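J.: Could you have a look at this structure, given as structure tokens, before my questions?
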Amino acid sequence: MRIGILNSGGDCPGLNAVIHGVVGAATELGWEVIGFRDGFEGLLPNGPGHVKLDPERTIGILKLGGTILGTTNKGNFAVKIGVDNVAQVAADIMEQAKATIKYLGIEALIVVGGDGSLTTGLQLCQEGVPVVGVPKTIDNDLQATAMTFGFDSAVAAVVDALDRLHTTADSHQRVMVVEVMGRHAGWIALYGGIGGGADIVLLPEIKFTMENVAEHVKRLYAAGHRSVLIVVAEGAEMEGGGLMTREQMDAEKRQVKLGGIGEYVAKSVEKMTGHETRDVRLGHLQRGGSPTPLDRILGTRFGVKAVHLIKEQKYGRMVSYQSYHVGDVPIEEAVNKLRLVQPTSEVVQAARAVGISFGDR
């Protein structure tokens, strides 16, 4: 049997671990694996092409960040527009992709990606291509799985940054504001903030006011703190305000580029409190570097499970992690349903209990 695999959307630590798992499980079954370069674009006749994947070619990739196949969140197969809107892949593009799959003798395709990529995979599946999905996002915001690989590595990057910033902030008695990724979900900010000892964490799910943030900063300094650490998610919103973006959505990019809220918070804190404030935007540092052991293991398990779903001919399904078990769910149950931080959840209450402010009171 010959199967295909592609990575689509943003890069993510643990993608190579998935490839490692797929190749290992497929080889054990005597199957051949074809990897398509640069996401769905590799399915097109004039695209970046494909490569045969075997144990020899994938030796040592488990520890590598990024993906040896390459990936893209643009091009002919981008279907997500904003948060909720979905477009259809053009009919001629779909036919070209199906022709490539048929020509190469691909009997099933593994699509590794987030909400948008899995939506494209679902459209392929509805067109008769046997597809199995593997969830991928550092944002950890897919409703149908309790955790996605890449999230733990992103949180580790945030915690490392906070550890480093705390020492210089303490030396100069400064406020440090760190803007992190996550789009419309605050998981990275929440877990990174708790793990890195932040004093204030601002999330998309909990509206905040600058007055509350400034007052908490003043209280901390009055209590003897030499520094204050603030973590703000790129999609955090103030009461009565909207998302802060760096550019407007256009037809090609499909999604707005969030960012700038960290700089705004820093300038506002300094103006309202008088304390010297610096801001840092971690950006793609959260996506890069080697995956943590947890992400290597989870990615490998996801890859193996995807192959087993093909063996069982369970197409149109997505690998899912729930209660420490790797299972599967229908792809349509996974897409367009974001898993967001619940303001009353146990982890938020734990953060409040150790003195973290969310700027809402």
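In the structure tokens, the first chain shown is A, the next is B, and so on; residue numbers restart at 1 for each chain, and ligands run from 1 in the order shown.
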Compile the contact shell of His166 (chain A) as a list in words: residues with an atom at most 8 Å away, counting only C-alpha atoms, same-chain residues fewer than 6 positions apart removed.
T.: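 Counting only the stated atoms, we get Met176, Ser227 and Leu229 of chain A.
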J.: Tell me, counting only C-alpha atoms, for each residue of region 41-132 of chain A within 12 Å of region 150-156 of chain A, which pair of atoms is nearest and how far apart they are in Å to one decimal, in rows ordered by chain and increasing number, as JSON lines.
T.:
```
{"residue": "A:Lys63", "atom": "CA", "partner": "A:Ser153", "partner_atom": "CA", "distance": 12.0}
{"residue": "A:Gly65", "atom": "CA", "partner": "A:Gly150", "partner_atom": "CA", "distance": 9.5}
{"residue": "A:Gly66", "atom": "CA", "partner": "A:Gly150", "partner_atom": "CA", "distance": 10.0}
{"residue": "A:Gly113", "atom": "CA", "partner": "A:Gly150", "partner_atom": "CA", "distance": 11.5}
{"residue": "A:Gly114", "atom": "CA", "partner": "A:Gly150", "partner_atom": "CA", "distance": 11.4}
```
J.: Please compute the CA of Thr168 (chain A)-CA of Glu215 (chain A) distance, one decimal, in Å.
T.: 22.6 Å
J.: Where in region 112-305 of chain A does DSSP assign strand (DSSP E or B), given as a ChimeraX atom specification?
T.: /A:112-113,131-135,142,175-180,200-202,208,228-233,238,245-247,257-258,277-281
J.: Can you list, as a ChimeraX atom specification, every residue of region 105-322 of chain A that DSSP puts in alpha helix (DSSP H)?
T.: /A:115-126,151-172,187-195,210-222,261-273,293-311
J.: Which residues come within 6 Å of Val304 (chain A), counting only C-alpha atoms, excluding same-chain residues fewer than 5 positions away, as a list in words?
T.: Gly21, Val22 and Ala25 of chain A
J.: Using only C-alpha atoms, find the one residue out of A:Leu142, A:Met238, A:Ile230, A:Val158 that sits nearest to Val335 (chain A).
T.: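 Of the candidates, the smallest distance to Val335 (chain A) is held by A:Leu142.
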J.: Which one of A:Leu285, A:Leu190, A:Val132, A:Ala99 sits closest to Asp160 (chain A) if you count only C-alpha atoms?
T.: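 The closest residue to Asp160 (chain A) is A:Leu285.
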J.: Neighbouring residues of region 8-20 of chain A were defined as those with any atom within 7 Å, considering only C-alpha atoms; residues of the same chain fewer than 4 positions away were excluded. Please report them as number ranges by chain.
T.: A: 24, 39-40, 58, 61-62, 64-68, 71-73, 112-114, 117, 137-138, 149-150, 153, 287-291, 295-296, 299-300, 302-303
J.: Would you mind exporting the chosen residues as a PDB file, in the first residue's frame, restricted to C-alpha atoms?
T.:
```
ATOM      1  CA  GLY A  24       7.821   3.799  11.391  1.00  0.00           C
ATOM      2  CA  GLY A  39       1.610  21.372   2.149  1.00  0.00           C
ATOM      3  CA  PHE A  40      -1.223  20.898  -0.325  1.00  0.00           C
ATOM      4  CA  THR A  58      13.966  10.038   8.414  1.00  0.00           C
ATOM      5  CA  ILE A  61      14.393  13.875  12.547  1.00  0.00           C
ATOM      6  CA  LEU A  62      12.585  13.243  15.841  1.00  0.00           C
ATOM      7  CA  LEU A  64      14.353  18.516  14.856  1.00  0.00           C
ATOM      8  CA  GLY A  65      12.001  21.484  14.940  1.00  0.00           C
ATOM      9  CA  GLY A  66      10.006  22.586  11.908  1.00  0.00           C
ATOM     10  CA  THR A  67       9.292  20.010   9.205  1.00  0.00           C
ATOM     11  CA  ILE A  68      11.514  18.331   6.635  1.00  0.00           C
ATOM     12  CA  THR A  71       4.683  23.847   4.911  1.00  0.00           C
ATOM     13  CA  THR A  72       2.650  26.900   3.954  1.00  0.00           C
ATOM     14  CA  ASN A  73      -0.501  28.693   5.101  1.00  0.00           C
ATOM     15  CA  VAL A 112      -1.272  17.271   9.424  1.00  0.00           C
ATOM     16  CA  GLY A 113      -2.563  20.737  10.215  1.00  0.00           C
ATOM     17  CA  GLY A 114      -4.757  23.045  12.217  1.00  0.00           C
ATOM     18  CA  SER A 117      -5.749  22.739   6.938  1.00  0.00           C
ATOM     19  CA  THR A 137      -1.308  23.904  16.399  1.00  0.00           C
ATOM     20  CA  ILE A 138       0.814  25.528  19.060  1.00  0.00           C
ATOM     21  CA  PHE A 149       1.792  18.749  19.910  1.00  0.00           C
ATOM     22  CA  GLY A 150       3.752  21.987  19.695  1.00  0.00           C
ATOM     23  CA  SER A 153       7.245  23.579  23.259  1.00  0.00           C
ATOM     24  CA  ARG A 287       7.402  28.083  16.886  1.00  0.00           C
ATOM     25  CA  GLY A 288      11.089  27.388  16.448  1.00  0.00           C
ATOM     26  CA  GLY A 289      13.645  25.114  18.037  1.00  0.00           C
ATOM     27  CA  SER A 290      13.586  21.490  19.090  1.00  0.00           C
ATOM     28  CA  PRO A 291      10.333  20.032  20.423  1.00  0.00           C
ATOM     29  CA  ASP A 295       5.779  16.965  22.003  1.00  0.00           C
ATOM     30  CA  ARG A 296       8.130  14.361  20.523  1.00  0.00           C
ATOM     31  CA  GLY A 299       3.708  13.654  17.774  1.00  0.00           C
ATOM     32  CA  THR A 300       5.009  10.110  17.369  1.00  0.00           C
ATOM     33  CA  PHE A 302      -0.301  10.800  16.572  1.00  0.00           C
ATOM     34  CA  GLY A 303       1.631   9.597  13.517  1.00  0.00           C
TER      35      GLY A 303
END
```
J.: Considering only C-alpha atoms, state which residue in the set A:Ile106, A:Ala185, A:Val354, A:Met147 is at the smallest distance from Val129 (chain A).
T.: A:Ile106
J.: Using only C-alpha atoms, find the one residue out of A:Ile310, A:Val201, A:Ala90, A:Ile188 that sits nearest to Ala157 (chain A).
T.: A:Ile188
J.: Could you check which of A:Val51, A:Val134, A:Val213, A:Leu44 is closest to Glu95 (chain A), using only C-alpha atoms?
T.: A:Leu44
J.: Excluding Pro45 (chain A) and any residue of its chain fewer than 2 positions from it, enumerate the residues within 7 Å of it, using only C-alpha atoms, and give them as a VMD selection string.
T.: chain A and resid 43 47 100
J.: Could you turn the residues from that selection into a file that holds C-alpha atoms, as a PDB file, in the first residue's frame?
T.:
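So the final result, stored in again-v7.pdb, reads:
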```pdb
ATOM      1  CA  LEU A  43      -0.267  17.936  -4.839  1.00  0.00           C
ATOM      2  CA  GLY A  47       4.013  22.482  -7.410  1.00  0.00           C
ATOM      3  CA  THR A 100      -1.786  13.679  -8.782  1.00  0.00           C
TER       4      THR A 100
END
```
J.: Set the distance at 8 Å and use only C-alpha atoms: which residues neighbour Ile5 (chain A) once local chain neighbours fewer than 5 positions away are removed? I'd like the list as an MDAnalysis selection string.
T.: chainID A and resid 19 33:36 109:112
J.: With C-alpha atoms kept, could you save the residues just selected as a PDB file, in the first residue's frame?
T.:
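The result, written out as result.pdb:
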```pdb
ATOM      1  CA  ILE A  19       6.500  11.979  10.181  1.00  0.00           C
ATOM      2  CA  VAL A  33       5.122   6.630   2.307  1.00  0.00           C
ATOM      3  CA  ILE A  34       5.199   9.623  -0.032  1.00  0.00           C
ATOM      4  CA  GLY A  35       5.698  13.078   1.503  1.00  0.00           C
ATOM      5  CA  PHE A  36       4.311  16.100  -0.330  1.00  0.00           C
ATOM      6  CA  LEU A 109      -3.601  10.847   2.539  1.00  0.00           C
ATOM      7  CA  ILE A 110      -2.583  12.009   6.007  1.00  0.00           C
ATOM      8  CA  VAL A 111      -3.147  15.752   6.487  1.00  0.00           C
ATOM      9  CA  VAL A 112      -1.272  17.271   9.424  1.00  0.00           C
TER      10      VAL A 112
END
```
